[in-house]
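Worksheet for the structure shown next.
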Amino acid sequence: MTVTAVVIANMVGTGVFTSLGFQLLDIRSGFVLLALWAVGGLAAVCGAMTYAELGAAMPRSGGEYNFLTRIYHPAAGFVSGWVSSTVGFAGPTALAAMTFAAYATSALSEDANPWLEKALAAGLVILLTIVHATSRRGSGGLQLIFTILKITVIVLFCIAVVVITDSPQPVSFFPVAGDGALLTSSEFAVALIYVSFAYTGWNAATYLSSELEQPQRTLPWILMGGTLVVTVLYVSLNFVFLYAAPMDAMVGQVEVGYIAAETAFGEIGGRFTGLIFAMLLVSTVSAMTIAGPRVIQVMGEDFPALKALGRTNKDGIPSTAIFIQSAIVLLFIMSSTFESVLVFSGFTLALNSFATVLGIFIMRWRQPELPRPYRTFLYPLPPLIYLALTGWTLWFVLISRPVEGLFGFGIISTGLIFYLLSAKKSQ
């Protein structure tokens with residue numbers, strides 16, 4: 001139950017509470033906007049089905065690091081771990097903490113102070129780092145409580161908005177003329193960048209595989225069940241945002257949840273709801289503080305030159321790795337803008353998962369005799385669907401946002417250099 005909570009909490013966070021404002025810059029169709037989230041959910045479910053087979057066949061913590069090491073080469077695994085530790089978890093954790101601070105300050109004050117927001121975000125990261133680095137029991141219990149609260153609040157918010165809103169916005173959620181062209185447009189592909197980031201985290205359970213009882217049996221259901229729950233929540237929440245608030249009010253805005261709540265419930269109700277949303281983001285930061293350091297830990301176990309990263313405390317918690325990831329998160333918070341972290345981390349993560357999903361074909365061909373307690377349902381459709389959608393998105397990122405795309409490749413190149421240096425030192 002706790003690992004399922006980690007999957008859900010990793011996914012339901014920054015993206016769903018911020019992405020709609022960016023999507024509205026180019027798309028104004030209610031049907032197409034909801035289709036974005038449905039397509040993103042389809043890709044995530046297909047990815048989860050593929051990862052489930054890989055995780056059941058190779059049950060070890062570390063996620064893509066473990067998979068790519070086995071499928072391709074230790075260098076590929078190292079680079080994947082480098083991406084996950086420097087961008088994959090640190091970037092989204094920083095964004096979640098920054099969004100928490102933005103919602104909290106908007107709810108409590110009309111005059112937001114950027115440095116106050118940074119201080120709040122950093123304080124949250126430091127607090128959760130201490131909690132998760134010192135107690136496994138407190139870690140799992142805290143995560144489960146926050147995840148249950150998150151789902152409950154989102155469901156109640158959706159119901160309350162629909163019931164209370166007397167004059168819903170004139171938005172059609174059924175196809176109209178021109179929607180077909182939008183679904184295959186570059187604008188749709190670029191908008192999927194933000195949606196795919198919102199779904200980031202569907203693979204979180206693979207980072208904790210070795211901590212599961214019977215991972216071959218439980219991991220597939222955790223991955224797919226958590227992803228399906230989040231897909232329903234995302235489509236419902238964005239429907240409610242569009243149902244309650246004018247599109248013009250949300251265009252280009254980060255705090256779309258606060259805007260929708262203020263429109264539906266009034267100023268006081270909006271502030272109260274914004275504060276609740278801020279608290280929900282605590283579980284996202286918490287979940288990533290649990291899962292991410294396991295990648296750093298496994299890298300430390302595999303590379304003698306990095307053995308200090310694999311150390312655990314008396315309770316078996318990788319406290320060193322937790323502190324290192326949190327230090328990177330704090331660096332992002334203090335030095336980067338929200339949008340820059342969002343785009344380049346989303347692009348780099350998509351490359352990581354693209355290579356992993358592609359690996360299922362390689363493993364089926366190269367090791368057909370490998371025991372597979374779970375085989376991807378409807379294979380090869382799920383991995384093919386995921387690769388097609390993700391490849392399409394990556395291509396348009398390079399075309400429309402080349403700087404962020406090249407920065408992502410730079411992160412990968414840096415990881416390869418570190419691998420060569422650490423491998424040479426380990427010899």
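Starting from 1 in every chain, residues are counted up; chains themselves are A, B, ... following the order of the structure tokens, and ligands are numbered from 1 as listed.
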Problem set entry | Within 10 Å of A:Ser400 using only C-alpha atoms, minus same-chain residues under 3 positions, as a list in words |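 That gives Ser186, Glu187, Val190, Trp395, Phe396, Val397, Val403, Glu404 and Gly405 of chain A.
With distances restricted to only C-alpha atoms, A:Val32 is the closest residue to A:Val176 from A:Leu228, A:Val32, A:Ala198, A:Met288.
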Enumerate, in order of chain and increasing residue number, the residues of stretch 22-79 of chain A with an atom no farther than 8 Å from stretch 249-256 of chain A, each with its shortest atom pair and distance in Å to one decimal, counting only C-alpha atoms, as JSON lines.
```
{"residue": "A:Phe22", "atom": "CA", "partner": "A:Gly252", "partner_atom": "CA", "distance": 5.1}
{"residue": "A:Gln23", "atom": "CA", "partner": "A:Val251", "partner_atom": "CA", "distance": 7.9}
{"residue": "A:Leu24", "atom": "CA", "partner": "A:Val251", "partner_atom": "CA", "distance": 5.4}
{"residue": "A:Leu25", "atom": "CA", "partner": "A:Val251", "partner_atom": "CA", "distance": 5.9}
```
Seminar exercise, completed: Pairwise distance, atom CA of A:Pro74 with atom CA of A:Met363, equals 15.4 Å
For this session: In Å, rounded to a single decimal, give me how far atom CA of A:Gly391 is from atom CA of A:Gly81.
Result: 21.0 Å
Exercise. Using only C-alpha atoms, which residues sit within 9 Å of stretch 128-133 of chain A once same-chain residues fewer than 5 positions away are excluded, as a list in words?
Worked result: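 Neighbouring residues, sequence-local ones excluded: Gly123, Gly138, Ser139, Gly140, Val282, Val285, Ser286, Thr289, Ile290, Asn313, Ile317, Pro318, Ser319, Thr320, Ile322, Phe323 and Ser326 of chain A.
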